[in-house]
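One structure is given below, encoded as structure tokens.
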Amino acid sequence: MPHLTPPRRLPDTAAGADTDAAADPGATATPGDTAGTGPAEGAGPAAAPSGRPGWFGWRRRSPRAARAVRVGTSVLAAALVLVVLLVPNRLDWITAQSFLRLPVEAILLAALLLALPPRPRRTTAAALGVFLGLSAVLKCLDMGFRQTLARPFDLVFDWVLLSDAADWTKDSFGRSGELLAVIGVIVLVVVVLVVSALATVRLADELARHRPVAVRTTLVLGIVWVICFTLGVQFGGVTFATKGYAQYLSNRVQYVRDGLGDADVYKKEMAVDAFARTPRERLLTGLRGKDVMLTFIESYGRVAIDDPTMAPQIDATLRAGDERLEAAGFSARSGWLRSPVTGAGSWLAHSTFLSGTWVKNQQRYRSLTTSDRATLTSYFRKTGAWRTVGIVPGVRKSWPEGRYFGLDHIYDSTHLGYQGPYFSWTPVPDQFSLEAFQKLEHGKKHRDPIMAEIILASSHNPWSPIAHMIDWKDLGNGKVFYRIKKEGTDPTEVWKSAKRVRTEYRKAIQYSLDSLTQWVQRYGDDDTVLVFLGDHQPVPTVTGGSANRDVPVTIVARDPKVLDRVAGWGWTEGLKPAHDAPEWSMDRFRDRFMTAYGPGKR
């Protein structure tokens with residue numbers, strides 16, 4: 001009898017493969033499609049099954065576990081994509097209802113992937129996954145920037161601020177903390193991009209495997225979305241059918257376009273200067289012979305005065321300051337200025353105040369500091385009647401822009417004689433900075449009048465630890481502050497509680513105000529004119545997310561003629577501006593100040 005060969009048994013379908021794909025004659029098996037089929041018709045004995053056996057064949061050995069893993073990862077992939085599409089870019093907008101919506105972008109994504117052939121489908125899915133990952137990173141940046149600057153991340157101008165964030169981390173948690181944070185962020189970004197790409201590829205494979213069901217489901221969801229969007233269906237006050245992700249991308253594109261076009265707008269604004277052609281002998285005539293101090297108090301915002309949890313202590317500090325100044329023969333007038341920034345970006349506020357232009361972003365700052373636009377400080381220098389100096393203890397690196405502001409000499413943190421410790425971000429405590437100004441410039445005999453730009457940095461975020469007032473005679477070289485720092489708070493503990501953050505912020509503002517008013521009482525004279533203001537509101541942790549950008553501004557002088565020139569401004573007597581005191585945009589101060597103290601005023 002002829003030898004009969006038993007019929008060849010087809011290999012088992014790969015573990016976890018779905019029979020829907022095999023039943024679909026239009027489905028094409030690819031290395032990325034895990035649909036299991038037998039050997040192709042006519043294939044030789046060496047033909048391999050299209051389903052992948054998994055690591056060391058575990059899928060074949062444990063088909064139920066393999067199926068559970070496949071289903072689980074597919075569900076997680078879908079959840080990840082939906083979260084990226086639905087999550088708001090603000091922490092205070094994230095609620096459970098945020099994720100109970102139907103995004104049209106998910107429907108369009110499914111339709112696109114279903115329409116593509118296998119290889120283009122997987123390539124497109126991977127590319128879209130990376131894009132989704134990038135948008136997730138951008139949303140996280142928006143969240144962080146809104147928590148610190150009360151605005152979204154600027155894709156054109158804000159990259160330089162990331163290095164400032166690294167510096168802040170180093171100052172707060174040390175160099176090792178900075179290194180770990182930077183490495184952690186880089187690793188996290190890479191993981192997000194890879195995982196989002198894998199997730200979309202996974203979903204593309206699942207759509208192909210269940211193509212008939214996927215097509216029907218996508219069509220039904222599309223119809224449901226159109227109906228719900230047209231009718232404005234809502235659940236819990238939240239619109240169910242959303243196109244929020246597309247709107248978010250559209251807003252970001254417009255934000256970038258506006259930023260790129262802003263340079264030309266700002267150049268036109270800088271060209272308008274009412275004092276550009278004024279002869280120097282007619283500039284600031286009402287202040288000739290006076291020592292003028294333009295002083296910024298870091299993060300001194302309206303919240304310090306208006307917030308009911310901080311107001312009682314701040315009021316007490318301001319009243320004590322008023323009494324201190326009155327005893328020394330000084331008077332004060334106060335109002336409000338609206339800063340271009342909030343939370344951070346002090347240099348933008350400083351340049352807005354001094355230049356008389358609205359410096360709202362880094363590009364404007366760069367344009368300004370490379371232009372010939374005159375500032376309030378450079379006008380003082382132009383007269384030839386003042387020696388202009390800068391006391392900038394927060395500057396620890398090269399600051400080439402400093403020359404732009406018209407300062408004859410700049411004292412940074414390395415030139416003030418301080419040998420004590422940093423207080424978190426702050427290199428030099430305010431009281432020591434003011435004492436150094438007295439020794440280096442103000443206290444010299446037979447000198448010319450001084451115009452000083454002074455930046456007090458002790459109230460800079462994170463407000464822990466902070467210095468406190470000591471006897472001026474005990475300041476020495478600053479080493480006394482080592483003991484004071486040890487007595488201070490730990491920022492890692494403080495920032496676990498918003499209440500503690502607000503308390504430390506309030507104490508830091510009190511310290512800066514006490515340092516300044518005590519200095520005036522101690523060293524001020526008939527020729528002293530002090531203009532001090534906050535540069536911006538503190539971070540939303542302190543303000544509670546308020547959109548208000550007001551900061552207090554005060555003029556202090558012993559000579560009554562100085563304050564008489566601003567009597568028409570309607571400012572409040574004393575160091576505390578009234579709630580209804582005039583509120584000006586910060587860029588308007590320069591021209592009003594120069595007009596008030598020009599030759600036309602008496």
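Ligands are numbered from 1 in the order shown, chains are lettered A, B, ... in the order of the structure tokens, and residues start at 1 in each chain.
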Quiz item: What are the DSSP helix (DSSP H, G or I) residues of range 262-450 of chain A, as a count of residues only?
Solution: 81
Using only C-alpha atoms, determine which residues lie at most 10 Å from Ile450 in chain A, disregarding the query and same-chain residues fewer than 3 positions distant; provide the list as a PDB file with N, CA and C atoms, in the first residue's frame.
```
ATOM      1  N   GLY A 289      19.759 118.289  43.273  1.00  0.00           N
ATOM      2  CA  GLY A 289      20.350 118.338  44.604  1.00  0.00           C
ATOM      3  C   GLY A 289      19.841 117.265  45.545  1.00  0.00           C
ATOM      4  N   LYS A 290      18.846 116.487  45.135  1.00  0.00           N
ATOM      5  CA  LYS A 290      18.286 115.441  45.980  1.00  0.00           C
ATOM      6  C   LYS A 290      18.948 114.092  45.684  1.00  0.00           C
ATOM      7  N   ASP A 291      18.994 113.235  46.694  1.00  0.00           N
ATOM      8  CA  ASP A 291      19.377 111.833  46.517  1.00  0.00           C
ATOM      9  C   ASP A 291      18.100 111.042  46.264  1.00  0.00           C
ATOM     10  N   VAL A 292      17.975 110.486  45.085  1.00  0.00           N
ATOM     11  CA  VAL A 292      16.744 109.797  44.686  1.00  0.00           C
ATOM     12  C   VAL A 292      16.993 108.293  44.653  1.00  0.00           C
ATOM     13  N   MET A 293      16.183 107.552  45.389  1.00  0.00           N
ATOM     14  CA  MET A 293      16.294 106.092  45.459  1.00  0.00           C
ATOM     15  C   MET A 293      15.051 105.465  44.837  1.00  0.00           C
ATOM     16  N   PHE A 380      18.196 110.561  34.404  1.00  0.00           N
ATOM     17  CA  PHE A 380      18.931 111.124  35.530  1.00  0.00           C
ATOM     18  C   PHE A 380      20.409 111.289  35.155  1.00  0.00           C
ATOM     19  N   ARG A 381      20.947 110.276  34.510  1.00  0.00           N
ATOM     20  CA  ARG A 381      22.356 110.343  34.122  1.00  0.00           C
ATOM     21  C   ARG A 381      22.587 111.406  33.047  1.00  0.00           C
ATOM     22  N   ALA A 385      23.683 115.756  36.588  1.00  0.00           N
ATOM     23  CA  ALA A 385      23.548 116.269  37.956  1.00  0.00           C
ATOM     24  C   ALA A 385      23.576 115.165  39.000  1.00  0.00           C
ATOM     25  N   TRP A 386      23.576 113.913  38.576  1.00  0.00           N
ATOM     26  CA  TRP A 386      23.546 112.798  39.524  1.00  0.00           C
ATOM     27  C   TRP A 386      24.596 111.745  39.158  1.00  0.00           C
ATOM     28  N   ARG A 387      25.137 111.115  40.177  1.00  0.00           N
ATOM     29  CA  ARG A 387      25.887 109.877  39.987  1.00  0.00           C
ATOM     30  C   ARG A 387      24.861 108.760  40.079  1.00  0.00           C
ATOM     31  N   THR A 388      24.788 107.911  39.076  1.00  0.00           N
ATOM     32  CA  THR A 388      23.770 106.861  39.040  1.00  0.00           C
ATOM     33  C   THR A 388      24.395 105.515  39.375  1.00  0.00           C
ATOM     34  N   VAL A 389      23.815 104.817  40.338  1.00  0.00           N
ATOM     35  CA  VAL A 389      24.339 103.530  40.779  1.00  0.00           C
ATOM     36  C   VAL A 389      23.213 102.515  40.885  1.00  0.00           C
ATOM     37  N   GLU A 441      28.180 104.245  49.017  1.00  0.00           N
ATOM     38  CA  GLU A 441      27.797 105.420  48.232  1.00  0.00           C
ATOM     39  C   GLU A 441      27.179 106.536  49.067  1.00  0.00           C
ATOM     40  N   HIS A 442      26.061 106.251  49.695  1.00  0.00           N
ATOM     41  CA  HIS A 442      25.275 107.304  50.330  1.00  0.00           C
ATOM     42  C   HIS A 442      26.000 107.981  51.484  1.00  0.00           C
ATOM     43  N   ARG A 447      30.325 114.322  48.129  1.00  0.00           N
ATOM     44  CA  ARG A 447      29.951 113.578  46.914  1.00  0.00           C
ATOM     45  C   ARG A 447      28.877 114.334  46.154  1.00  0.00           C
ATOM     46  N   GLU A 453      19.209 102.920  41.804  1.00  0.00           N
ATOM     47  CA  GLU A 453      18.203 101.871  41.581  1.00  0.00           C
ATOM     48  C   GLU A 453      18.547 100.731  42.530  1.00  0.00           C
ATOM     49  N   THR A 528      16.795 113.507  50.902  1.00  0.00           N
ATOM     50  CA  THR A 528      16.441 112.123  50.565  1.00  0.00           C
ATOM     51  C   THR A 528      15.049 112.057  49.950  1.00  0.00           C
TER      52      THR A 528
END
```
Self-check item: 9 Å contact set for range 492-506 of chain A, only C-alpha atoms, chain neighbours under 5 positions out, as a PyMOL selection string
Solution: chain A and resi 172-173+299+304+309-310+313-314+459-466+511+538+541-543
Give me a file of those residues, with C-alpha atoms, as a PDB file, in the first residue's frame.
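Ended up saving to part.pdb:
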```pdb
ATOM      1  CA  SER A 172      16.265  75.911  47.159  1.00  0.00           C
ATOM      2  CA  PHE A 173      17.451  72.284  47.216  1.00  0.00           C
ATOM      3  CA  SER A 299       6.786  90.323  45.040  1.00  0.00           C
ATOM      4  CA  ALA A 304      -0.276  91.675  50.977  1.00  0.00           C
ATOM      5  CA  THR A 309      -5.308  86.745  56.483  1.00  0.00           C
ATOM      6  CA  MET A 310      -2.297  89.010  55.940  1.00  0.00           C
ATOM      7  CA  GLN A 313       0.079  92.173  60.277  1.00  0.00           C
ATOM      8  CA  ILE A 314       0.965  94.168  57.146  1.00  0.00           C
ATOM      9  CA  SER A 459      10.903  88.744  49.612  1.00  0.00           C
ATOM     10  CA  HIS A 460      11.698  86.588  46.572  1.00  0.00           C
ATOM     11  CA  ASN A 461       9.996  83.196  46.249  1.00  0.00           C
ATOM     12  CA  PRO A 462      10.274  80.703  48.035  1.00  0.00           C
ATOM     13  CA  TRP A 463      10.309  82.920  51.192  1.00  0.00           C
ATOM     14  CA  SER A 464      11.989  80.278  53.286  1.00  0.00           C
ATOM     15  CA  PRO A 465      14.160  80.704  55.202  1.00  0.00           C
ATOM     16  CA  ILE A 466      14.002  84.475  55.640  1.00  0.00           C
ATOM     17  CA  TYR A 511      11.078  92.333  56.722  1.00  0.00           C
ATOM     18  CA  PRO A 538       3.365  86.787  44.202  1.00  0.00           C
ATOM     19  CA  THR A 541      -0.367  79.932  45.831  1.00  0.00           C
ATOM     20  CA  VAL A 542      -0.420  83.249  47.700  1.00  0.00           C
ATOM     21  CA  THR A 543      -2.898  85.237  45.609  1.00  0.00           C
TER      22      THR A 543
END
```
Self-check item: Atom-to-atom span, CA of Ala581 in chain A and CA of Ser334 in chain A, Å
Solution: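 Calculated distance between CA of Ala581 in chain A and CA of Ser334 in chain A is 7.9 Å.
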Selection near Arg302 in chain A, 10 Å with only C-alpha atoms, sequence-local residues under 4 positions removed, as a PDB file with all heavy atoms, in the first residue's frame:
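Produced file result.pdb, reproduced below:
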```pdb
ATOM      1  N   ASP A 306      -4.493  93.671  50.877  1.00  0.00           N
ATOM      2  CA  ASP A 306      -5.935  93.413  50.815  1.00  0.00           C
ATOM      3  C   ASP A 306      -6.366  92.084  51.415  1.00  0.00           C
ATOM      4  O   ASP A 306      -7.503  91.952  51.879  1.00  0.00           O
ATOM      5  CB  ASP A 306      -6.407  93.464  49.355  1.00  0.00           C
ATOM      6  CG  ASP A 306      -6.454  94.882  48.810  1.00  0.00           C
ATOM      7  OD1 ASP A 306      -6.240  95.818  49.598  1.00  0.00           O
ATOM      8  OD2 ASP A 306      -6.691  95.052  47.603  1.00  0.00           O
ATOM      9  N   ASP A 307      -5.500  91.091  51.409  1.00  0.00           N
ATOM     10  CA  ASP A 307      -5.909  89.762  51.864  1.00  0.00           C
ATOM     11  C   ASP A 307      -6.197  89.782  53.368  1.00  0.00           C
ATOM     12  O   ASP A 307      -5.344  90.199  54.162  1.00  0.00           O
ATOM     13  CB  ASP A 307      -4.813  88.742  51.559  1.00  0.00           C
ATOM     14  CG  ASP A 307      -5.270  87.332  51.864  1.00  0.00           C
ATOM     15  OD1 ASP A 307      -5.084  86.888  53.010  1.00  0.00           O
ATOM     16  OD2 ASP A 307      -5.815  86.671  50.970  1.00  0.00           O
ATOM     17  N   TRP A 336      -1.399 102.962  43.388  1.00  0.00           N
ATOM     18  CA  TRP A 336      -1.307 101.614  42.825  1.00  0.00           C
ATOM     19  C   TRP A 336      -0.780 101.689  41.393  1.00  0.00           C
ATOM     20  O   TRP A 336      -1.107 102.610  40.646  1.00  0.00           O
ATOM     21  CB  TRP A 336      -2.676 100.933  42.777  1.00  0.00           C
ATOM     22  CG  TRP A 336      -3.376 100.785  44.087  1.00  0.00           C
ATOM     23  CD1 TRP A 336      -4.446 101.494  44.532  1.00  0.00           C
ATOM     24  CD2 TRP A 336      -3.074  99.836  45.118  1.00  0.00           C
ATOM     25  NE1 TRP A 336      -4.829 101.065  45.768  1.00  0.00           N
ATOM     26  CE2 TRP A 336      -4.000 100.048  46.163  1.00  0.00           C
ATOM     27  CE3 TRP A 336      -2.111  98.842  45.274  1.00  0.00           C
ATOM     28  CZ2 TRP A 336      -4.003  99.294  47.324  1.00  0.00           C
ATOM     29  CZ3 TRP A 336      -2.105  98.092  46.434  1.00  0.00           C
ATOM     30  CH2 TRP A 336      -3.037  98.315  47.446  1.00  0.00           C
ATOM     31  N   LEU A 337       0.033 100.702  41.033  1.00  0.00           N
ATOM     32  CA  LEU A 337       0.462 100.512  39.657  1.00  0.00           C
ATOM     33  C   LEU A 337       0.086  99.110  39.211  1.00  0.00           C
ATOM     34  O   LEU A 337       0.135  98.165  40.015  1.00  0.00           O
ATOM     35  CB  LEU A 337       1.982 100.703  39.515  1.00  0.00           C
ATOM     36  CG  LEU A 337       2.555 102.081  39.840  1.00  0.00           C
ATOM     37  CD1 LEU A 337       4.070 102.060  39.683  1.00  0.00           C
ATOM     38  CD2 LEU A 337       1.935 103.153  38.965  1.00  0.00           C
ATOM     39  N   ARG A 338      -0.274  98.959  37.951  1.00  0.00           N
ATOM     40  CA  ARG A 338      -0.593  97.630  37.412  1.00  0.00           C
ATOM     41  C   ARG A 338       0.621  97.097  36.678  1.00  0.00           C
ATOM     42  O   ARG A 338       1.069  97.655  35.678  1.00  0.00           O
ATOM     43  CB  ARG A 338      -1.801  97.699  36.474  1.00  0.00           C
ATOM     44  CG  ARG A 338      -2.264  96.313  36.001  1.00  0.00           C
ATOM     45  CD  ARG A 338      -3.528  96.400  35.178  1.00  0.00           C
ATOM     46  NE  ARG A 338      -3.306  97.015  33.875  1.00  0.00           N
ATOM     47  CZ  ARG A 338      -3.635  98.244  33.550  1.00  0.00           C
ATOM     48  NH1 ARG A 338      -4.193  99.047  34.443  1.00  0.00           N
ATOM     49  NH2 ARG A 338      -3.401  98.710  32.332  1.00  0.00           N
ATOM     50  N   GLY A 534       6.311  97.602  44.691  1.00  0.00           N
ATOM     51  CA  GLY A 534       6.430  96.188  44.378  1.00  0.00           C
ATOM     52  C   GLY A 534       6.607  96.011  42.886  1.00  0.00           C
ATOM     53  O   GLY A 534       6.158  96.853  42.096  1.00  0.00           O
ATOM     54  N   HIS A 536       5.737  92.981  41.259  1.00  0.00           N
ATOM     55  CA  HIS A 536       4.618  92.163  40.769  1.00  0.00           C
ATOM     56  C   HIS A 536       3.967  91.447  41.936  1.00  0.00           C
ATOM     57  O   HIS A 536       4.517  91.375  43.038  1.00  0.00           O
ATOM     58  CB  HIS A 536       5.091  91.147  39.722  1.00  0.00           C
ATOM     59  CG  HIS A 536       6.203  90.261  40.208  1.00  0.00           C
ATOM     60  ND1 HIS A 536       6.031  89.278  41.155  1.00  0.00           N
ATOM     61  CD2 HIS A 536       7.519  90.223  39.864  1.00  0.00           C
ATOM     62  CE1 HIS A 536       7.175  88.666  41.382  1.00  0.00           C
ATOM     63  NE2 HIS A 536       8.107  89.218  40.622  1.00  0.00           N
ATOM     64  N   GLN A 537       2.798  90.903  41.707  1.00  0.00           N
ATOM     65  CA  GLN A 537       2.123  90.078  42.695  1.00  0.00           C
ATOM     66  C   GLN A 537       2.877  88.755  42.861  1.00  0.00           C
ATOM     67  O   GLN A 537       3.573  88.309  41.945  1.00  0.00           O
ATOM     68  CB  GLN A 537       0.692  89.788  42.239  1.00  0.00           C
ATOM     69  CG  GLN A 537      -0.256  90.968  42.297  1.00  0.00           C
ATOM     70  CD  GLN A 537      -1.115  90.957  43.553  1.00  0.00           C
ATOM     71  OE1 GLN A 537      -0.591  90.981  44.671  1.00  0.00           O
ATOM     72  NE2 GLN A 537      -2.424  90.930  43.382  1.00  0.00           N
ATOM     73  N   PRO A 538       2.727  88.093  44.018  1.00  0.00           N
ATOM     74  CA  PRO A 538       3.365  86.787  44.202  1.00  0.00           C
ATOM     75  C   PRO A 538       2.639  85.699  43.421  1.00  0.00           C
ATOM     76  O   PRO A 538       1.661  85.965  42.705  1.00  0.00           O
ATOM     77  CB  PRO A 538       3.242  86.564  45.716  1.00  0.00           C
ATOM     78  CG  PRO A 538       2.023  87.341  46.114  1.00  0.00           C
ATOM     79  CD  PRO A 538       2.024  88.557  45.232  1.00  0.00           C
ATOM     80  N   THR A 543      -1.789  84.382  46.041  1.00  0.00           N
ATOM     81  CA  THR A 543      -2.898  85.237  45.609  1.00  0.00           C
ATOM     82  C   THR A 543      -4.215  84.489  45.483  1.00  0.00           C
ATOM     83  O   THR A 543      -5.262  85.110  45.319  1.00  0.00           O
ATOM     84  CB  THR A 543      -2.585  85.890  44.255  1.00  0.00           C
ATOM     85  OG1 THR A 543      -2.473  84.859  43.252  1.00  0.00           O
ATOM     86  CG2 THR A 543      -1.293  86.685  44.322  1.00  0.00           C
ATOM     87  N   ASN A 548      -5.720  89.969  39.539  1.00  0.00           N
ATOM     88  CA  ASN A 548      -5.301  91.338  39.830  1.00  0.00           C
ATOM     89  C   ASN A 548      -3.780  91.443  39.801  1.00  0.00           C
ATOM     90  O   ASN A 548      -3.078  90.604  40.353  1.00  0.00           O
ATOM     91  CB  ASN A 548      -5.820  91.754  41.210  1.00  0.00           C
ATOM     92  CG  ASN A 548      -5.551  93.215  41.519  1.00  0.00           C
ATOM     93  OD1 ASN A 548      -4.412  93.601  41.780  1.00  0.00           O
ATOM     94  ND2 ASN A 548      -6.586  94.019  41.494  1.00  0.00           N
ATOM     95  N   ARG A 549      -3.252  92.501  39.158  1.00  0.00           N
ATOM     96  CA  ARG A 549      -1.805  92.670  39.024  1.00  0.00           C
ATOM     97  C   ARG A 549      -1.306  93.957  39.686  1.00  0.00           C
ATOM     98  O   ARG A 549      -0.209  94.422  39.401  1.00  0.00           O
ATOM     99  CB  ARG A 549      -1.407  92.659  37.550  1.00  0.00           C
ATOM    100  CG  ARG A 549      -1.687  91.332  36.862  1.00  0.00           C
ATOM    101  CD  ARG A 549      -1.064  91.268  35.485  1.00  0.00           C
ATOM    102  NE  ARG A 549      -1.245  89.958  34.870  1.00  0.00           N
ATOM    103  CZ  ARG A 549      -0.626  89.565  33.770  1.00  0.00           C
ATOM    104  NH1 ARG A 549       0.217  90.386  33.166  1.00  0.00           N
ATOM    105  NH2 ARG A 549      -0.828  88.364  33.261  1.00  0.00           N
ATOM    106  N   ASP A 550      -2.102  94.520  40.563  1.00  0.00           N
ATOM    107  CA  ASP A 550      -1.721  95.776  41.195  1.00  0.00           C
ATOM    108  C   ASP A 550      -0.588  95.586  42.198  1.00  0.00           C
ATOM    109  O   ASP A 550      -0.519  94.575  42.900  1.00  0.00           O
ATOM    110  CB  ASP A 550      -2.916  96.385  41.930  1.00  0.00           C
ATOM    111  CG  ASP A 550      -3.962  96.921  40.984  1.00  0.00           C
ATOM    112  OD1 ASP A 550      -3.707  96.916  39.766  1.00  0.00           O
ATOM    113  OD2 ASP A 550      -5.038  97.322  41.454  1.00  0.00           O
ATOM    114  N   VAL A 551       0.272  96.605  42.264  1.00  0.00           N
ATOM    115  CA  VAL A 551       1.328  96.661  43.280  1.00  0.00           C
ATOM    116  C   VAL A 551       1.319  98.051  43.905  1.00  0.00           C
ATOM    117  O   VAL A 551       0.968  99.036  43.244  1.00  0.00           O
ATOM    118  CB  VAL A 551       2.722  96.376  42.667  1.00  0.00           C
ATOM    119  CG1 VAL A 551       2.786  94.968  42.108  1.00  0.00           C
ATOM    120  CG2 VAL A 551       3.071  97.402  41.590  1.00  0.00           C
ATOM    121  N   PRO A 552       1.669  98.167  45.197  1.00  0.00           N
ATOM    122  CA  PRO A 552       1.721  99.485  45.832  1.00  0.00           C
ATOM    123  C   PRO A 552       2.939 100.266  45.346  1.00  0.00           C
ATOM    124  O   PRO A 552       3.986  99.691  45.042  1.00  0.00           O
ATOM    125  CB  PRO A 552       1.852  99.156  47.329  1.00  0.00           C
ATOM    126  CG  PRO A 552       1.568  97.685  47.448  1.00  0.00           C
ATOM    127  CD  PRO A 552       1.941  97.073  46.140  1.00  0.00           C
ATOM    128  N   PRO A 577      -1.616 102.599  50.419  1.00  0.00           N
ATOM    129  CA  PRO A 577      -2.588 103.209  49.501  1.00  0.00           C
ATOM    130  C   PRO A 577      -4.010 102.776  49.846  1.00  0.00           C
ATOM    131  O   PRO A 577      -4.253 101.622  50.222  1.00  0.00           O
ATOM    132  CB  PRO A 577      -2.165 102.683  48.134  1.00  0.00           C
ATOM    133  CG  PRO A 577      -1.420 101.419  48.416  1.00  0.00           C
ATOM    134  CD  PRO A 577      -0.768 101.597  49.759  1.00  0.00           C
ATOM    135  N   HIS A 579      -7.903 101.743  49.237  1.00  0.00           N
ATOM    136  CA  HIS A 579      -8.460 100.772  48.285  1.00  0.00           C
ATOM    137  C   HIS A 579      -8.854 101.449  46.976  1.00  0.00           C
ATOM    138  O   HIS A 579      -8.710 100.859  45.901  1.00  0.00           O
ATOM    139  CB  HIS A 579      -9.673 100.086  48.904  1.00  0.00           C
ATOM    140  CG  HIS A 579     -10.284  99.039  48.014  1.00  0.00           C
ATOM    141  ND1 HIS A 579      -9.720  97.798  47.814  1.00  0.00           N
ATOM    142  CD2 HIS A 579     -11.414  99.075  47.238  1.00  0.00           C
ATOM    143  CE1 HIS A 579     -10.461  97.104  46.967  1.00  0.00           C
ATOM    144  NE2 HIS A 579     -11.501  97.854  46.614  1.00  0.00           N
TER     145      HIS A 579
END
```
Quiz item: From the set A:Pro120, A:Gly321, A:Gly301, A:Gly417, which residue has the shortest atom-to-atom contact distance to Val341 in chain A, counting only C-alpha atoms?
Solution: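 So, comparing all the options, the nearest one is A:Gly301.
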Quiz item: Where in range 125-360 of chain A does DSSP assign strand (DSSP E or B), given as a PyMOL selection string?
Solution: chain A and resi 234-235+238-239+241-242+291-297+331-338+342
Quiz item: Could you pull the residues within 9 Å of Val194 in chain A, counting only C-alpha atoms, minus those fewer than 4 positions along the same chain, as a ChimeraX atom specification?
Solution: /A:126,129-130,133,189-190,198-199
For N, CA and C atoms, I'd like the residues from the last selection saved as an mmCIF file, in the first residue's frame.
```cif
data_model
loop_
_atom_site.group_PDB
_atom_site.id
_atom_site.type_symbol
_atom_site.label_atom_id
_atom_site.label_comp_id
_atom_site.auth_asym_id
_atom_site.auth_seq_id
_atom_site.Cartn_x
_atom_site.Cartn_y
_atom_site.Cartn_z
ATOM 1 N N ALA A 126 2.245 56.432 15.106
ATOM 2 C CA ALA A 126 3.413 56.768 15.927
ATOM 3 C C ALA A 126 3.680 58.276 15.923
ATOM 4 N N GLY A 129 1.131 59.997 17.914
ATOM 5 C CA GLY A 129 1.376 59.723 19.327
ATOM 6 C C GLY A 129 2.437 60.646 19.904
ATOM 7 N N VAL A 130 3.504 60.850 19.154
ATOM 8 C CA VAL A 130 4.546 61.781 19.603
ATOM 9 C C VAL A 130 3.971 63.189 19.721
ATOM 10 N N GLY A 133 2.007 63.422 22.770
ATOM 11 C CA GLY A 133 2.907 63.508 23.912
ATOM 12 C C GLY A 133 3.470 64.901 24.092
ATOM 13 N N VAL A 189 9.957 63.448 30.174
ATOM 14 C CA VAL A 189 9.517 63.885 28.843
ATOM 15 C C VAL A 189 9.703 62.765 27.822
ATOM 16 N N VAL A 190 10.873 62.116 27.860
ATOM 17 C CA VAL A 190 11.134 61.018 26.926
ATOM 18 C C VAL A 190 10.119 59.898 27.132
ATOM 19 N N LEU A 198 3.568 54.622 21.596
ATOM 20 C CA LEU A 198 3.177 53.211 21.703
ATOM 21 C C LEU A 198 1.675 53.064 21.888
ATOM 22 N N ALA A 199 1.071 53.986 22.629
ATOM 23 C CA ALA A 199 -0.365 53.901 22.870
ATOM 24 C C ALA A 199 -1.159 54.073 21.585
#
```
Self-check item: Nearest residue to Gly568 in chain A from the set A:Arg101, A:Arg333, A:Arg122, A:Arg366 (distances using only C-alpha atoms)
Solution: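 Using only C-alpha atoms, the shortest distance to Gly568 in chain A belongs to A:Arg333.
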Quiz item: Could you pull the residues within 9 Å of Ser546 in chain A, counting only C-alpha atoms, minus those fewer than 5 positions along the same chain, as a list in words?
Solution: Ala150, Val303 and Pro540 of chain A
Quiz item: Which residues come within 9 Å of Val201 in chain A, counting only C-alpha atoms, excluding same-chain residues fewer than 4 positions away, as a VMD selection string?
Solution: chain A and resid 32 77 121 to 126 129 196 to 197 205 to 206
Take the residues that were just selected and, keeping N, CA and C atoms, output them as a compact mmCIF listing (two decimals), in the first residue's frame.
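New file again-v2.txt:
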```
# COMPACT_ATOMS: atom_id res chain seq x y z
N GLY A 32 3.04 44.46 12.86
CA GLY A 32 2.44 45.18 13.99
C GLY A 32 1.05 44.69 14.30
N ALA A 77 -4.13 52.31 26.81
CA ALA A 77 -3.76 53.16 25.68
C ALA A 77 -4.88 54.11 25.32
N ARG A 121 -0.50 53.37 8.27
CA ARG A 121 -1.31 53.52 9.48
C ARG A 121 -0.44 53.53 10.73
N ARG A 122 0.50 52.59 10.82
CA ARG A 122 1.34 52.51 12.02
C ARG A 122 2.31 53.69 12.10
N THR A 123 2.85 54.11 10.96
CA THR A 123 3.75 55.27 10.95
C THR A 123 3.00 56.53 11.36
N THR A 124 1.81 56.70 10.81
CA THR A 124 1.00 57.87 11.17
C THR A 124 0.62 57.83 12.64
N ALA A 125 0.25 56.65 13.11
CA ALA A 125 -0.12 56.51 14.52
C ALA A 125 1.03 56.89 15.44
N ALA A 126 2.25 56.43 15.11
CA ALA A 126 3.41 56.77 15.93
C ALA A 126 3.68 58.28 15.92
N GLY A 129 1.13 60.00 17.91
CA GLY A 129 1.38 59.72 19.33
C GLY A 129 2.44 60.65 19.90
N SER A 196 3.20 57.62 24.71
CA SER A 196 2.08 58.10 23.90
C SER A 196 2.16 57.56 22.47
N ALA A 197 3.38 57.42 21.93
CA ALA A 197 3.53 56.84 20.60
C ALA A 197 3.12 55.37 20.60
N ASP A 205 -3.54 49.27 15.87
CA ASP A 205 -3.60 47.82 15.65
C ASP A 205 -4.94 47.24 16.06
N GLU A 206 -5.47 47.72 17.16
CA GLU A 206 -6.76 47.22 17.63
C GLU A 206 -7.89 47.60 16.67
```
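Of the residues under consideration (A:Thr169, A:Gln521, A:Thr383, A:Thr218), A:Thr169 shows the shortest atom-to-atom contact distance to Ser424 in chain A when counting only C-alpha atoms.
Distances to Ala452 in chain A were evaluated for A:Thr295, A:Ser355, A:Gln362, A:Ser585 using only C-alpha atoms, and the minimum falls at A:Thr295.
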Quiz prompt | Among listed residues A:Ala127, A:Leu108, A:Ile454, A:Ala374, nearest Ala276 in chain A (using only C-alpha atoms) | solution = A:Ala374
